[in-house]
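**Q** Quick one: this structure, given as structure tokens, is what I'll be asking you about.
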Amino acid sequence: MLAWRRELASPAPMAIPDSVLAAIIAGTATLSASFVQLRSALLREAAAGRSSSAARRRNRLQLIILCAIIGAAGVCGFALSQWLTSGERAAQGVMQRELQERVAEISRTASQLELTRGSERGDIENGVLRRIGSDGIVVMATVGPCRRPPAPSPAAGAATANPQAAGSPASEASATPARACTEAEASPVTLCATIPGNASVSEVALFSRAADSEAPWSASRYLPGQESGEARFAATYSESTPEAGARQVCQGFAHWSTDHARIVRMVVRYTLPA
């Protein structure tokens, strides 16, 4: 369409219509004949200048009439050319207006198509986001067992004081195993899901099970703040400030068991405004 506009905007080569060309030829012939007659009249006046005053007056009158004829011929030729080309100018103006109207109509159609396309894209995106919010955003993580160094025992201190007895079997048997972790010593894990900035959280479902367990997730659901198997989710979730059209919903989890790892799962469901 832009190429078409450039073609319309580029100046077209000037072509002289046949009617204008005929008018020019006729006017040129008339002027040539008039100039020839004027020259003849001037020559006659010069020759008769030596005769009588009546002849001079008659020649002057003829000269005036000849000049009037030449002026009238020029005016009539110009009027004739304008009349002959008026129809072509009117047709050209009509065609130009039709082309301008067609270009404007094409521009309006392109704008409407662009607006329609943008609206449909927005509706599709909103539909996808609504379906994702209904199904829920799933976030999972694996948390390893709690590990803390073994506490020093009195036997270990005695073995240090008596180097000869440090390598005996009795000293090795007296080593103390690693102590169990407490909830305060557990390293918390935070699960975060990204949702649209204008969405409202409708549900945050929490799940946890042992890493080697095959139990279904429906049987491993936790309530916020509930403790089970030396593990606990935080009592409430947190939401970040919307940024760039999105925000995060985060839930904390603590696991202090030293026996096995756990898999945690969070499902965030949300709704969008109408």
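In the structure tokens, the first chain shown is A, the next is B, and so on; residue numbers restart at 1 for each chain, and ligands run from 1 in the order shown.
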Pick out the residues sitting within 7 Å of Ala210 (chain A), and hand them over as an MDAnalysis selection string; count only C-alpha atoms, and ignore anything fewer than 6 positions along from it in its own chain.
**A** chainID A and resid 260:263
**Q** Give me the residues within 12 Å of Gly127 (chain A) as a list of chain:residue names, counting only C-alpha atoms and dropping any in the same chain fewer than 4 places off.
**A**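 My reading of the contact set: A:Glu120, A:Arg121, A:Gly122, A:Asp123, A:Arg131, A:Ile132, A:Gly133, A:Ser134, A:Thr271, A:Leu272, A:Pro273, A:Ala274.
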**Q** Deliver the residues from the most recent selection as a file, using all heavy atoms, as a compact mmCIF listing (two decimals), in the first residue's frame.
**A**
# COMPACT_ATOMS: atom_id res chain seq x y z
N GLU A 120 -8.42 -9.14 19.73
CA GLU A 120 -8.48 -10.60 19.77
C GLU A 120 -7.28 -11.18 20.50
O GLU A 120 -7.41 -12.15 21.26
CB GLU A 120 -8.54 -11.15 18.34
CG GLU A 120 -9.85 -10.86 17.63
CD GLU A 120 -9.86 -11.39 16.21
OE1 GLU A 120 -8.80 -11.89 15.77
OE2 GLU A 120 -10.92 -11.33 15.57
N ARG A 121 -6.09 -10.58 20.30
CA ARG A 121 -4.91 -11.07 21.01
C ARG A 121 -5.08 -10.91 22.52
O ARG A 121 -4.74 -11.79 23.30
CB ARG A 121 -3.66 -10.32 20.53
CG ARG A 121 -2.37 -10.85 21.13
CD ARG A 121 -1.17 -9.99 20.77
NE ARG A 121 -1.01 -9.88 19.35
CZ ARG A 121 -1.15 -8.77 18.66
NH1 ARG A 121 -1.47 -7.65 19.28
NH2 ARG A 121 -0.96 -8.74 17.36
N GLY A 122 -5.63 -9.74 22.93
CA GLY A 122 -5.86 -9.52 24.35
C GLY A 122 -6.86 -10.52 24.92
O GLY A 122 -6.68 -11.03 26.03
N ASP A 123 -7.94 -10.81 24.17
CA ASP A 123 -8.92 -11.78 24.64
C ASP A 123 -8.31 -13.18 24.77
O ASP A 123 -8.58 -13.90 25.74
CB ASP A 123 -10.11 -11.83 23.68
CG ASP A 123 -10.90 -10.52 23.68
OD1 ASP A 123 -10.76 -9.76 24.66
OD2 ASP A 123 -11.63 -10.27 22.71
N ARG A 131 -7.46 -19.65 32.38
CA ARG A 131 -7.37 -21.10 32.47
C ARG A 131 -6.21 -21.55 33.35
O ARG A 131 -6.34 -22.49 34.15
CB ARG A 131 -7.24 -21.70 31.07
CG ARG A 131 -7.27 -23.23 31.07
CD ARG A 131 -7.37 -23.79 29.67
NE ARG A 131 -6.19 -23.51 28.88
CZ ARG A 131 -6.16 -22.62 27.89
NH1 ARG A 131 -7.25 -21.94 27.57
NH2 ARG A 131 -5.05 -22.41 27.21
N ILE A 132 -5.08 -20.85 33.23
CA ILE A 132 -3.95 -21.18 34.10
C ILE A 132 -4.30 -20.91 35.56
O ILE A 132 -3.95 -21.70 36.45
CB ILE A 132 -2.71 -20.35 33.68
CG1 ILE A 132 -2.23 -20.80 32.30
CG2 ILE A 132 -1.58 -20.50 34.69
CD1 ILE A 132 -1.09 -19.96 31.75
N GLY A 133 -4.99 -19.80 35.81
CA GLY A 133 -5.40 -19.52 37.18
C GLY A 133 -6.37 -20.54 37.73
O GLY A 133 -6.33 -20.87 38.91
N SER A 134 -7.27 -21.05 36.87
CA SER A 134 -8.21 -22.07 37.33
C SER A 134 -7.50 -23.40 37.61
O SER A 134 -7.80 -24.07 38.60
CB SER A 134 -9.31 -22.27 36.29
OG SER A 134 -10.20 -23.29 36.67
N THR A 271 -7.81 -15.72 40.37
CA THR A 271 -8.88 -15.26 39.49
C THR A 271 -8.52 -13.87 38.96
O THR A 271 -7.82 -13.09 39.63
CB THR A 271 -10.22 -15.18 40.23
OG1 THR A 271 -10.11 -14.31 41.36
CG2 THR A 271 -10.65 -16.56 40.71
N LEU A 272 -9.00 -13.57 37.75
CA LEU A 272 -8.77 -12.27 37.14
C LEU A 272 -10.06 -11.46 37.16
O LEU A 272 -11.15 -12.02 37.07
CB LEU A 272 -8.29 -12.44 35.69
CG LEU A 272 -6.89 -13.03 35.50
CD1 LEU A 272 -6.61 -13.24 34.01
CD2 LEU A 272 -5.84 -12.13 36.09
N PRO A 273 -9.95 -10.14 37.26
CA PRO A 273 -11.18 -9.32 37.21
C PRO A 273 -11.85 -9.42 35.84
O PRO A 273 -11.21 -9.65 34.82
CB PRO A 273 -10.66 -7.91 37.48
CG PRO A 273 -9.22 -7.93 37.11
CD PRO A 273 -8.74 -9.33 37.40
N ALA A 274 -13.15 -9.23 35.83
CA ALA A 274 -13.91 -9.32 34.58
C ALA A 274 -13.51 -8.19 33.67
O ALA A 274 -13.25 -7.07 34.12
CB ALA A 274 -15.40 -9.27 34.89
**Q** Ranking A:Arg147, A:Ser213, A:Ile64, A:Ser208 by minimum distance to Gly229 (chain A) and counting only C-alpha atoms, which one comes first?
**A**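 Closest to Gly229 (chain A), using only C-alpha atoms: A:Ser208.
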**Q** Taking the DSSP secondary structure from the backbone, can you list the residues of region 76-163 of chain A that are strand (DSSP E), as a PyMOL selection string?
**A** chain A and resi 137-143
**Q** Keeping N, CA, C and O atoms, export the residues of the selection given above as a short mmCIF file (atom, residue, chain, number, x, y, z; two decimals), in the first residue's frame.
**A**
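What ended up in again.cif:
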data_model
loop_
_atom_site.label_atom_id
_atom_site.label_comp_id
_atom_site.auth_asym_id
_atom_site.auth_seq_id
_atom_site.Cartn_x
_atom_site.Cartn_y
_atom_site.Cartn_z
N ILE A 137 -0.96 -22.79 39.38
CA ILE A 137 0.47 -22.79 39.08
C ILE A 137 1.16 -23.68 40.10
O ILE A 137 1.04 -23.48 41.31
N VAL A 138 1.90 -24.68 39.61
CA VAL A 138 2.53 -25.68 40.47
C VAL A 138 4.01 -25.33 40.63
O VAL A 138 4.71 -25.08 39.65
N VAL A 139 4.47 -25.34 41.89
CA VAL A 139 5.88 -25.12 42.23
C VAL A 139 6.32 -26.26 43.13
O VAL A 139 5.64 -26.57 44.12
N MET A 140 7.44 -26.92 42.80
CA MET A 140 7.93 -28.08 43.57
C MET A 140 9.40 -27.88 43.90
O MET A 140 10.13 -27.17 43.20
N ALA A 141 9.81 -28.53 44.98
CA ALA A 141 11.21 -28.50 45.39
C ALA A 141 11.50 -29.74 46.23
O ALA A 141 10.60 -30.32 46.85
N THR A 142 12.77 -30.17 46.24
CA THR A 142 13.22 -31.30 47.05
C THR A 142 14.12 -30.77 48.16
O THR A 142 15.08 -30.03 47.89
N VAL A 143 13.79 -31.10 49.39
CA VAL A 143 14.53 -30.63 50.56
C VAL A 143 15.26 -31.82 51.17
O VAL A 143 14.63 -32.84 51.51
#
**Q** Can you tell me, as a ChimeraX atom specification, what residues are no more than 9 Å from region 177-193 of chain A when counting only C-alpha atoms, ignoring any on the same chain fewer than 2 positions away?
**A** /A:137-141,143,146-151,175,195,230-232,247-258,264-268
